[in-house]
Structure formats: C-alpha cells, structure tokens
Amino acid sequence: MEVYEAVVSRLAMLGYAATEEDKPALEFLISKCRVELLANINHKEVPNGLFYTLADMVAGSFLHDKLAAGGLEIEGVDLSQQPKSITEGDVKVEFAGASDGVSNAETRFRSKLDAMMHPSESVLGAFRRLRW
C-alpha cells in the first residue's frame, strides 16, 4: 500500500471523502510530512513501523488546512461555533470555547487533528537516531 492510498483510507475513516481535486494537496503534504518525520528521527527513509504515523500526519494536516480555510464539511460533525451568550440590544454575541470548559464536536475534532499531526514522542523515540 502506498502512502497516498493509506491517507485516502484514513480520511474516509474520519468521514471525509477525498476527490481528485484533493490529490495535489495530498501529494504535497505527503512530501512535507515525510521530510518533517525524517528530520525528527534522523533517517533517510521512513521505517516500516512509522508508515501509518506518516499517513496520520498527512491526513491530520490536510483536514487542519481544510478546516482553517473554511472548506471542511464532515457529516455528523458541527464545525460551527456555539454561541455562549446573545444580547439583542446593540447586538452582542459571544462564542463558547475550550477555555469555558465546553467540549463540543469541534473541540474534540480539533484535538484529534492535533494528535494526528504531532505523533507522540514515545512513538518517534523508538525510531530516533543520534546526530553527530
């Protein structure tokens, strides 16, 4: 299985159906994440044990970029912000966030993307080589 196929499969697991229009962005992110991963562990090739870690990094980066650009729609996940308070006179709307202790679908989704984009040190440390 190639990295591209693994990324498309991972995106499907998360509810996003990749299209042909997404292919250039995914290929760019595959190269970018591969370079970041190899620089982190000081290898010349991605070890077999980090194949799915690379796929997760690419999928997480892709969904994060789509979310930041406002072009991400996933069925069953409401990515719009929830209002915390609304005032009608001189219109004032405040949105609830993680600092308010609110755990909604969006904050859980963003947390998952962050975990995918930044693999744990214990996983990377198992493959890390020293630099001289």
# chains A, B, ... in the order shown; residues from 1 in each chain; ligands from 1

call {"tool": "residues_around", "arguments": {"residues": "stretch 27-33 of chain A", "least_positions_apart": "4", "cutoff": "9 Å", "atoms": "only C-alpha atoms", "output": "list in words"}}
result
Val3, Tyr4, Val7, Asp22, Lys23, Leu37, Leu38, Leu54, Ala55, Met57, Val58, Ala59, Ser61, Phe62 and Met117 of chain A

call {"tool": "select_by_dssp", "arguments": {"residues": "chain A", "states": "alpha helix (DSSP H)", "output": "PyMOL selection string"}}
result
chain A and resi 3-13+23-41+51-69+105-117+121-125

call {"tool": "write_last_selection", "arguments": {"atoms": "C-alpha atoms", "output": "compact mmCIF listing (two decimals), in the first residue's frame"}}
result
# COMPACT_ATOMS: atom_id res chain seq x y z
CA VAL A 3 1.14 6.42 1.42
CA TYR A 4 -1.43 8.19 -0.78
CA GLU A 5 -3.81 5.22 -0.59
CA ALA A 6 -3.36 4.96 3.18
CA VAL A 7 -4.10 8.68 3.58
CA VAL A 8 -7.27 8.46 1.46
CA SER A 9 -8.35 5.46 3.53
CA ARG A 10 -7.66 7.31 6.79
CA LEU A 11 -9.61 10.34 5.57
CA ALA A 12 -12.55 8.06 4.76
CA MET A 13 -12.41 6.66 8.32
CA LYS A 23 -4.73 14.86 -4.90
CA PRO A 24 -2.19 17.69 -5.47
CA ALA A 25 -2.60 18.96 -1.89
CA LEU A 26 -2.29 15.42 -0.50
CA GLU A 27 0.85 14.73 -2.54
CA PHE A 28 2.39 17.99 -1.34
CA LEU A 29 1.57 17.15 2.28
CA ILE A 30 2.95 13.62 1.88
CA SER A 31 6.30 15.10 0.84
CA LYS A 32 6.20 17.79 3.55
CA CYS A 33 5.29 15.40 6.37
CA ARG A 34 7.85 12.82 5.18
CA VAL A 35 10.62 15.45 5.37
CA GLU A 36 9.47 16.56 8.85
CA LEU A 37 9.30 12.97 10.08
CA LEU A 38 12.71 12.03 8.67
CA ALA A 39 14.29 15.17 10.15
CA ASN A 40 12.80 14.31 13.53
CA ILE A 41 14.11 10.74 13.61
CA PHE A 51 4.19 4.16 7.80
CA TYR A 52 0.80 4.71 9.44
CA THR A 53 2.19 7.52 11.57
CA LEU A 54 3.12 9.31 8.34
CA ALA A 55 -0.36 8.64 6.93
CA ASP A 56 -1.93 10.10 10.09
CA MET A 57 0.32 13.17 9.93
CA VAL A 58 -0.71 13.82 6.32
CA ALA A 59 -4.43 13.24 6.95
CA GLY A 60 -4.37 15.45 10.05
CA SER A 61 -2.51 18.24 8.25
CA PHE A 62 -4.88 18.05 5.29
CA LEU A 63 -8.02 18.25 7.44
CA HIS A 64 -6.49 21.01 9.56
CA ASP A 65 -5.75 23.08 6.44
CA LYS A 66 -9.24 22.48 5.06
CA LEU A 67 -10.78 23.47 8.40
CA ALA A 68 -8.66 26.63 8.61
CA ALA A 69 -9.71 27.60 5.08
CA ALA A 105 -17.71 18.12 18.50
CA GLU A 106 -15.46 20.83 17.10
CA THR A 107 -13.06 20.90 20.04
CA ARG A 108 -12.83 17.10 20.10
CA PHE A 109 -12.23 17.09 16.34
CA ARG A 110 -9.50 19.74 16.59
CA SER A 111 -7.90 17.79 19.43
CA LYS A 112 -7.86 14.66 17.28
CA LEU A 113 -6.29 16.57 14.36
CA ASP A 114 -3.60 17.94 16.67
CA ALA A 115 -2.78 14.44 17.93
CA MET A 116 -2.60 13.15 14.35
CA MET A 117 -0.32 15.98 13.17
CA GLU A 121 7.48 11.28 21.39
CA SER A 122 7.34 7.67 22.56
CA VAL A 123 6.50 6.53 19.03
CA LEU A 124 9.13 8.69 17.35
CA GLY A 125 11.71 7.98 20.04

call {"tool": "closest_residue", "arguments": {"among": "A:Phe127, A:His118, A:Glu21, A:Asn48", "to": "A:Glu2", "atoms": "only C-alpha atoms"}}
result
A:Asn48

call {"tool": "atom_distance", "arguments": {"atom1": "atom CA of A:His43", "atom2": "atom CA of A:Ser120"}}
result
17.4 Å

call {"tool": "closest_residue", "arguments": {"among": "A:Pro47, A:Asn42, A:Asp90, A:Gly70", "to": "A:Leu130", "atoms": "only C-alpha atoms"}}
result
A:Asn42

call {"tool": "atom_distance", "arguments": {"atom1": "atom CA of A:Ala17", "atom2": "atom CA of A:Gly71"}}
result
13.0 Å

call {"tool": "closest_residue", "arguments": {"among": "A:Val91, A:Met1, A:Leu72, A:Ala126", "to": "A:Gly15", "atoms": "only C-alpha atoms"}}
result
A:Leu72
